[in-house]
Amino acid sequence: MNDGRNQELIERHLDGALTAEEKQAFEAKRQRDPAFDQRVRSDEALAKIFEATGDFRFESDFATRVISRLDAPDRSTLDELMAMLWQYFPRVAAPASLLTAAIMTSNYRSAADGASIIEALLGLPGGGLVLGVGM
Amino acid sequence: MRFEYSATEERATDAELIAAVVGGNKAAFAGIVRRYEEVVARTVIGMLGAGDAAEEAGQVAMIKIYNGLGDFRADASLKTYVTRIAMNTALDELRRRKRFLARFVSPSRERESDVFEQIPAHGDVASAHERQQLVAAALAALKPEFRSVAVLRLLHGYDSGEVASILGISDGTVFSRLSRARSQLKMLLRSEDFK
């Protein structure tokens, strides 16, 4: 008998749902198989532990908080979008920063003599920035 | 604005409250929230542990229930419907956490240290609150697929057919997951601590 079938019998025993015939066969199995009997006892004990946990409750006035939220604008979509942006930000920002630093380093090393630091980092030709007409 | 619980609400059947809510009566939904708060709390606290995440999941579940009441069919009980929504909301939160942890935390750290350290040292367990804490910590040690059957079967007392229906799985899957869940829980909880 596979484990799933054993568990089914135990669950039905715990629910008091075994027929008279099944109950007889179940008790006979417990008598001849000590490991199975121990398993049933420990499952019964576990059920008692869970039965004794009492009521579960949220903090007081839970209903009021729920009703208030029904009228509030739905933030779930916005919250999900922000969470997704935060999730992917490290993946984008870190490689982009490294790439930018690598390009700037390469530009600086190959900059012409006399180029300013900004011209060197940006890879601009030396001799002054051309900002527009008339400069 | 605090919604007071009225004697009328207390006597109303689920069908009457649902009809009132669908008709636009938010105060009637407060009645449904109060009536099923324990069911939702038991589900989300069992799945997520007590704390802000469970409170948030509880509120989200209730809002989903509110939004879905117009389509609710009386072929299932409202309690089963509420449990199903609460369970799916909790499972969604666990999946969201898993995606976050997969990106930023080593899996071995999540599985072993965080979870087992939550289980309080064994000793006499006097109050229902302490029992709840021990039980919640033990449940947190289970993978979500085993935790969900344990919460429905052991915390709620649903039979295997109801568990299968709520989770959308076969009876056979329920029994095999229950077997695994019970084995793990028995290792973590000792009946002599609960005298």
# chains A, B, ... in the order shown; residues from 1 in each chain; ligands from 1
>>> select_by_dssp(residues="chain A", states="helix (DSSP H, G or I)", output="PyMOL selection string")
chain A and resi 3-14+20-32+34-51+62-71+76-109+117-122
>>> residues_around(residues="stretch 121-125 of chain A", least_positions_apart="2", cutoff="10 Å", atoms="only C-alpha atoms", output="JSON list (two decimals) with C-alpha atoms, in the first residue's frame")
[["chain", "number", "residue", "atom", "x", "y", "z"],
["A", 100, "THR", "CA", 30.40, 54.62, -18.81],
["A", 101, "ALA", "CA", 33.45, 54.47, -16.54],
["A", 103, "ILE", "CA", 34.48, 54.55, -21.96],
["A", 104, "MET", "CA", 35.58, 57.61, -20.00],
["A", 105, "THR", "CA", 38.82, 55.92, -18.95],
["A", 106, "SER", "CA", 39.57, 54.97, -22.52],
["A", 107, "ASN", "CA", 38.78, 58.52, -23.69],
["A", 108, "TYR", "CA", 41.00, 60.03, -21.00],
["A", 109, "ARG", "CA", 43.94, 57.83, -21.95],
["A", 110, "SER", "CA", 43.69, 58.68, -25.62],
["A", 111, "ALA", "CA", 42.92, 62.37, -25.15],
["A", 112, "ALA", "CA", 44.95, 64.90, -27.07],
["A", 115, "ALA", "CA", 42.51, 68.90, -23.83],
["A", 116, "SER", "CA", 40.60, 69.87, -20.70],
["A", 117, "ILE", "CA", 39.47, 67.16, -18.30],
["A", 118, "ILE", "CA", 35.91, 67.36, -19.56],
["A", 119, "GLU", "CA", 37.02, 67.16, -23.20],
["A", 127, "GLY", "CA", 41.10, 72.99, -28.46],
["A", 128, "GLY", "CA", 37.99, 74.04, -26.64],
["A", 129, "LEU", "CA", 34.37, 73.09, -26.50],
["A", 130, "VAL", "CA", 32.25, 74.33, -29.35]]
>>> interface_residues(of="chain A", to="chain B", cutoff="9 Å", atoms="only C-alpha atoms", output="NGL selection string")
:A and (3-8 or 11-12 or 15 or 42-43 or 45-59 or 61-70 or 87)
>>> atom_distance(atom1="atom CA of A:Leu18", atom2="atom CA of A:Glu44")
15.2 Å
